[in-house]
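Asks: The structure under discussion is supplied below as structure tokens; questions concerning it will follow.
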Amino acid sequence: MKQRLWRIIIGAVFFIAAILIDINAEWLNIALYLISYIIVGGDIVKRAVRNIFRGKVFDENFLMSIATIGAMLIGEYPEGIAVMLFYQVGELFQSYAVDKSRRSIADAMDIRPDYANVKRGDEVIKIDPDEVQIGDIIVIKPGERIPLDGKVIEGNSMVDTSALTGESVPREVEVGHEILSGCINVNGVITAEVTKEYGESTVSKILDLVENASSKKSHSEQFITKFARYYTPIVVILAVLLAIIPPLVVAGATFSDWVYRALTFLVVSCPCALVVSIPLSFFGGIGGASRKGILVKGSNYLEALAETEIIVFDKTGTLTKGVFNVQEVHPEGVSKEELLELTSYAESYSNHPISNSLKQAYGKEIDNGRISDVEEISGHGVIATVDGKKVAAGNIKLMKKLNIPYYEGEVVGTAVHVGIDNQYAGYIVIADEVKEDSARAIKELKEANIKQTVMLTGDAKNVGSKVAKQLGLDKVYSELLPGDKVEKVEELLSQKSKKGKLAFVGDGINDAPVLARADVGIAMGGLGSDAAIEAADIVIMTDEPSKIATAIKISKKTLKIASQNTVFSIGIKIIVLILSAFGIATMWAAIFADVGVTIIAVLNAFRALNVKNL
Amino acid sequence: MKKKFILKGLDCADCAAKIEHAVNKLDGVKEATVNFMTQKLVIEGEDDKMPAITQEAEKIVKRFEPDTVMKKA
């Protein structure tokens, strides 16, 4: 690339010298022009000749050679050389831009671990992650990349997951935690047991996904390559007609004037600006999205996302955390704290998720000395003596059994009713908690012109409706069996407009068929879920639903840039073609239509990579 | 079967499109895509015709982009 730059500079020096030199010495003038031309465009002419022998006509090299040599033959030396010079500048710029964009995405995805420190006996040896086996013990030092998925068995540390999730706040890991390959260990030394082979590790899955991304092309890309296929031959034929017919038909028309116009056509006939700027825009969009922890499997999906009208969410694990927590405490005759404390104590022997969430809400150590006579009644609850009081905690069946009158109103979630010494003491509601950013996600989606937001859930109707209302969703279908979800999605598919798309968002568990049926399947919390990564078209690495709104914004921006580039490049080219047919536009305008447009379109495409404010 | 190739030195988006178009027309090819940005050619074709397809594809690449080298990925 450097060599090309030098050739352009030296050629330009000769070119300027030729322009500045005394016109009286015409031979010197022409000699300088020719030297400049050979330095700048020699390789293009050479390639043109070589390609003709290979049976490839209408290629850029050929068109540029004809246009420039033709211009010089009719005495327009400065134009001929300028065309070649700027064409080369444009080419150089274009390959620089493409190279840079390829590299920037490679950097963003530079998560491949180079080695693993494996403990063998007392020794720690460095080996290829590929050779590490499940059950091996690996040591990860501060600053190193985690080579394989595993479980921490010693040490604690902060782990930087930004390469995978786009999340800049490091995560804390300690003994027992899962660690994911591709993340960077920030401060402490951790020892971990490998749980997955390299090929099955998160890092390989992601690399595979990203490297095979955009093998599916968007409509805009298909359109532009098809357009280019017809555009160049048509313009070349027009150029030939323009050079031959008017001088024969129109009175007073000179050959050289019309040849000049025809050559101008040839300069504009190059399709490269068009063809390069569209994939570059999509590539930028996909790259930008991956920096935010959103992996898009192809530019067609990015395009479909921008046309989304309906977004269907699975509730559990997507809009809600999928973890049960104490939501409400309704005491009767005792204080809130007392009710929670006594209930937690009574339930403390159980390992049921409900008792775990009670203990978590209580938040203090359980002093076993305060509890006695624990009796678990299966399907009902538990009765225990706490601080000398007989505490009964369980469902309404338990209350009925003990003849304790209880609250009979509607409860959203699971209620634990409590009786203390055979007196009703109130109830505690335990439910799945909505994620912090769910409401914001729905709001942002509405702002992004999504017509319908729908939630599907297997939960009871009152639970589903409450969550839907809380988040501002348009529709909710509850009490669905897994099979019903596909049916509902099909029903919704028939409601959208012809061009609109439907996206389904799930956590990848049990919803692979729905992910596949939707126009765009989005899997959330891709970290660790292989099924999700495979079934989905778009994988969101974190578990924040607001990333869906971000993805839609990125897709819309990318699409806008792509269509700007299409309209702008085709528009300018056609305007210049028309103007030059009438002899208004000079070859300089044609240079702009070719090189100028390429540069502007490429710079515009680069904007797609910038997703900081989305 | 699906085969992936790297097109090293692929520098012209229009040529990439032309290569894709030409490879798609080869006998036995179900679908071929050239990704200009990732410099990759993916060919899906009938198993027994794959060696011939690969050879022809190589010729096509050489014809449209003489400076590009096709390698197995």
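Each chain in the structure tokens gets a letter, A, B and so on, in the order shown; residues start at 1 in every chain, and ligands are counted from 1 in the order they appear.
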Considering only C-alpha atoms, extract the chain A residues located within 9 Å of chain B and return them as number ranges by chain.
Replies: A: 51, 54-56, 59, 94-95, 98-99, 101-102, 211-217, 225-226, 228-229, 271-277, 279-280, 283
Asks: Could you save the residues just selected, with C-alpha atoms, as a PDB file, in the first residue's frame?
Replies:
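out_3.pdb, freshly written:
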```pdb
ATOM      1  CA  ASN A  51      -7.450  -9.391 -18.241  1.00  0.00           C
ATOM      2  CA  ARG A  54      -8.198 -13.874 -19.865  1.00  0.00           C
ATOM      3  CA  GLY A  55     -11.469 -13.084 -21.537  1.00  0.00           C
ATOM      4  CA  LYS A  56     -12.615 -10.568 -19.003  1.00  0.00           C
ATOM      5  CA  ASP A  59     -13.560  -4.645 -15.905  1.00  0.00           C
ATOM      6  CA  GLN A  94     -11.050   2.237  -0.573  1.00  0.00           C
ATOM      7  CA  SER A  95      -8.660  -0.577   0.204  1.00  0.00           C
ATOM      8  CA  VAL A  98     -11.848  -1.912   3.859  1.00  0.00           C
ATOM      9  CA  ASP A  99      -8.654  -3.073   5.494  1.00  0.00           C
ATOM     10  CA  SER A 101     -12.732  -2.005   8.927  1.00  0.00           C
ATOM     11  CA  ARG A 102     -11.744  -5.675   8.620  1.00  0.00           C
ATOM     12  CA  GLU A 211     -16.606 -15.576  11.509  1.00  0.00           C
ATOM     13  CA  ASN A 212     -19.518 -17.112   9.704  1.00  0.00           C
ATOM     14  CA  ALA A 213     -21.681 -14.045  10.126  1.00  0.00           C
ATOM     15  CA  SER A 214     -22.931 -12.133   7.138  1.00  0.00           C
ATOM     16  CA  SER A 215     -22.709 -15.112   4.834  1.00  0.00           C
ATOM     17  CA  LYS A 216     -26.382 -14.347   4.360  1.00  0.00           C
ATOM     18  CA  LYS A 217     -26.794 -11.202   2.330  1.00  0.00           C
ATOM     19  CA  THR A 225     -24.643  -6.373  -6.941  1.00  0.00           C
ATOM     20  CA  LYS A 226     -27.430  -7.064  -9.394  1.00  0.00           C
ATOM     21  CA  ALA A 228     -23.835  -3.319 -10.894  1.00  0.00           C
ATOM     22  CA  ARG A 229     -24.077  -6.335 -13.159  1.00  0.00           C
ATOM     23  CA  PRO A 271     -19.527   0.334 -10.141  1.00  0.00           C
ATOM     24  CA  CYS A 272     -17.104  -0.059  -7.269  1.00  0.00           C
ATOM     25  CA  ALA A 273     -18.278   2.779  -5.040  1.00  0.00           C
ATOM     26  CA  LEU A 274     -21.719   1.280  -5.030  1.00  0.00           C
ATOM     27  CA  VAL A 275     -20.662  -2.254  -4.545  1.00  0.00           C
ATOM     28  CA  VAL A 276     -18.195  -1.636  -1.758  1.00  0.00           C
ATOM     29  CA  SER A 277     -20.128   0.823   0.351  1.00  0.00           C
ATOM     30  CA  PRO A 279     -21.419  -4.466   2.428  1.00  0.00           C
ATOM     31  CA  LEU A 280     -19.085  -2.112   4.261  1.00  0.00           C
ATOM     32  CA  PHE A 283     -20.185  -5.053   8.153  1.00  0.00           C
TER      33      PHE A 283
END
```
Asks: Could you go through range 411-459 of chain A and tell me which residues DSSP, when run on the backbone, assigns to strand (DSSP E), listing them as a list in words?
Replies: Thr414, Ala415, Val416, His417, Val418, Gly419, Ile420, Gln423, Tyr424, Ala425, Gly426, Tyr427, Ile428, Val429, Ile430, Ala431, Asp432, Glu433, Val434, Gln452, Thr453, Val454, Met455 and Leu456 of chain A
Asks: Those same residues, written as a compact mmCIF listing (two decimals), in the first residue's frame with N, CA and C atoms?
Replies:
```txt
# COMPACT_ATOMS: atom_id res chain seq x y z
N THR A 414 -46.76 -16.62 44.23
CA THR A 414 -47.02 -17.70 45.17
C THR A 414 -47.11 -17.10 46.57
N ALA A 415 -48.21 -17.43 47.28
CA ALA A 415 -48.37 -16.87 48.62
C ALA A 415 -48.01 -17.91 49.67
N VAL A 416 -47.25 -17.48 50.67
CA VAL A 416 -46.98 -18.33 51.83
C VAL A 416 -47.79 -17.73 52.97
N HIS A 417 -48.81 -18.50 53.41
CA HIS A 417 -49.64 -18.02 54.52
C HIS A 417 -49.02 -18.48 55.83
N VAL A 418 -49.15 -17.63 56.84
CA VAL A 418 -48.48 -17.94 58.10
C VAL A 418 -49.46 -17.85 59.27
N GLY A 419 -49.41 -18.86 60.11
CA GLY A 419 -50.17 -18.81 61.34
C GLY A 419 -49.22 -18.88 62.52
N ILE A 420 -49.45 -18.02 63.52
CA ILE A 420 -48.61 -18.07 64.72
C ILE A 420 -49.52 -18.42 65.90
N GLN A 423 -53.11 -18.39 65.17
CA GLN A 423 -53.71 -17.11 64.78
C GLN A 423 -53.13 -16.72 63.42
N TYR A 424 -53.99 -16.24 62.51
CA TYR A 424 -53.47 -15.85 61.21
C TYR A 424 -52.56 -14.64 61.36
N ALA A 425 -51.32 -14.73 60.78
CA ALA A 425 -50.36 -13.64 60.94
C ALA A 425 -50.05 -12.94 59.62
N GLY A 426 -50.77 -13.33 58.56
CA GLY A 426 -50.54 -12.66 57.27
C GLY A 426 -49.91 -13.59 56.25
N TYR A 427 -49.51 -12.99 55.11
CA TYR A 427 -48.91 -13.82 54.05
C TYR A 427 -47.76 -13.09 53.36
N ILE A 428 -46.93 -13.90 52.75
CA ILE A 428 -45.76 -13.35 52.04
C ILE A 428 -45.87 -13.80 50.58
N VAL A 429 -45.71 -12.85 49.65
CA VAL A 429 -45.82 -13.19 48.23
C VAL A 429 -44.43 -13.35 47.63
N ILE A 430 -44.28 -14.49 46.98
CA ILE A 430 -43.00 -14.74 46.33
C ILE A 430 -43.23 -14.84 44.83
N ALA A 431 -42.47 -14.09 44.06
CA ALA A 431 -42.68 -14.13 42.61
C ALA A 431 -41.37 -13.87 41.89
N ASP A 432 -41.43 -14.17 40.63
CA ASP A 432 -40.32 -13.90 39.74
C ASP A 432 -40.21 -12.38 39.62
N GLU A 433 -39.00 -11.88 39.64
CA GLU A 433 -38.82 -10.44 39.63
C GLU A 433 -38.55 -9.94 38.21
N VAL A 434 -39.12 -8.80 37.84
CA VAL A 434 -38.80 -8.28 36.50
C VAL A 434 -37.38 -7.70 36.53
N GLN A 452 -46.19 -3.38 18.04
CA GLN A 452 -46.79 -4.24 19.07
C GLN A 452 -45.73 -4.93 19.90
N THR A 453 -45.90 -4.89 21.22
CA THR A 453 -45.02 -5.69 22.07
C THR A 453 -45.91 -6.71 22.78
N VAL A 454 -45.54 -7.96 22.66
CA VAL A 454 -46.38 -9.04 23.15
C VAL A 454 -45.57 -9.92 24.10
N MET A 455 -46.22 -10.43 25.14
CA MET A 455 -45.52 -11.34 26.03
C MET A 455 -46.23 -12.69 26.07
N LEU A 456 -45.46 -13.75 25.98
CA LEU A 456 -46.00 -15.09 26.09
C LEU A 456 -45.50 -15.70 27.39
```
Asks: To test your reading of the structure, identify every residue in chain B that backbone DSSP assigns to helix (DSSP H, G or I), and report it as a ChimeraX atom specification.
Replies: /B:13-24,47-64
Asks: Hey, what's within 10 Å of Gly379 in chain A if we count only C-alpha atoms and toss same-chain stuff fewer than 6 positions away? As a PyMOL selection string, please?
Replies: chain A and resi 394-395+397-398
Asks: Calculated over only C-alpha atoms, which of the candidates B:Lys8, B:Ile53, B:Val61, B:Val69 has the smallest distance to Lys30 in chain B?
Replies: B:Ile53
Asks: Tell me, as number ranges by chain, which residues lie within 8 Å of range 124-140 of chain A, counting only C-alpha atoms; anything in the same chain fewer than 5 positions away does not count.
Replies: A: 113-119, 145-148, 185, 189-199
Asks: Excluding Met50 in chain B and any residue of its chain fewer than 6 positions from it, enumerate the residues within 9 Å of it, using only C-alpha atoms, and give them as a list in words.
Replies: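 Contacts, in chain order: Met1, Lys3, Gly28, Val29, Ile43 and Glu44 of chain B.
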Asks: For the residues selected in the previous step, produce a file with C-alpha atoms as an mmCIF file, in the first residue's frame.
Replies:
```cif
data_model
loop_
_atom_site.group_PDB
_atom_site.id
_atom_site.type_symbol
_atom_site.label_atom_id
_atom_site.label_comp_id
_atom_site.auth_asym_id
_atom_site.auth_seq_id
_atom_site.Cartn_x
_atom_site.Cartn_y
_atom_site.Cartn_z
ATOM 1 C CA MET B 1 -21.660 -30.644 1.834
ATOM 2 C CA LYS B 3 -16.868 -26.052 2.106
ATOM 3 C CA GLY B 28 -23.616 -29.258 -8.655
ATOM 4 C CA VAL B 29 -23.511 -26.034 -6.646
ATOM 5 C CA ILE B 43 -19.807 -23.364 -1.332
ATOM 6 C CA GLU B 44 -22.621 -25.763 -0.662
#
```
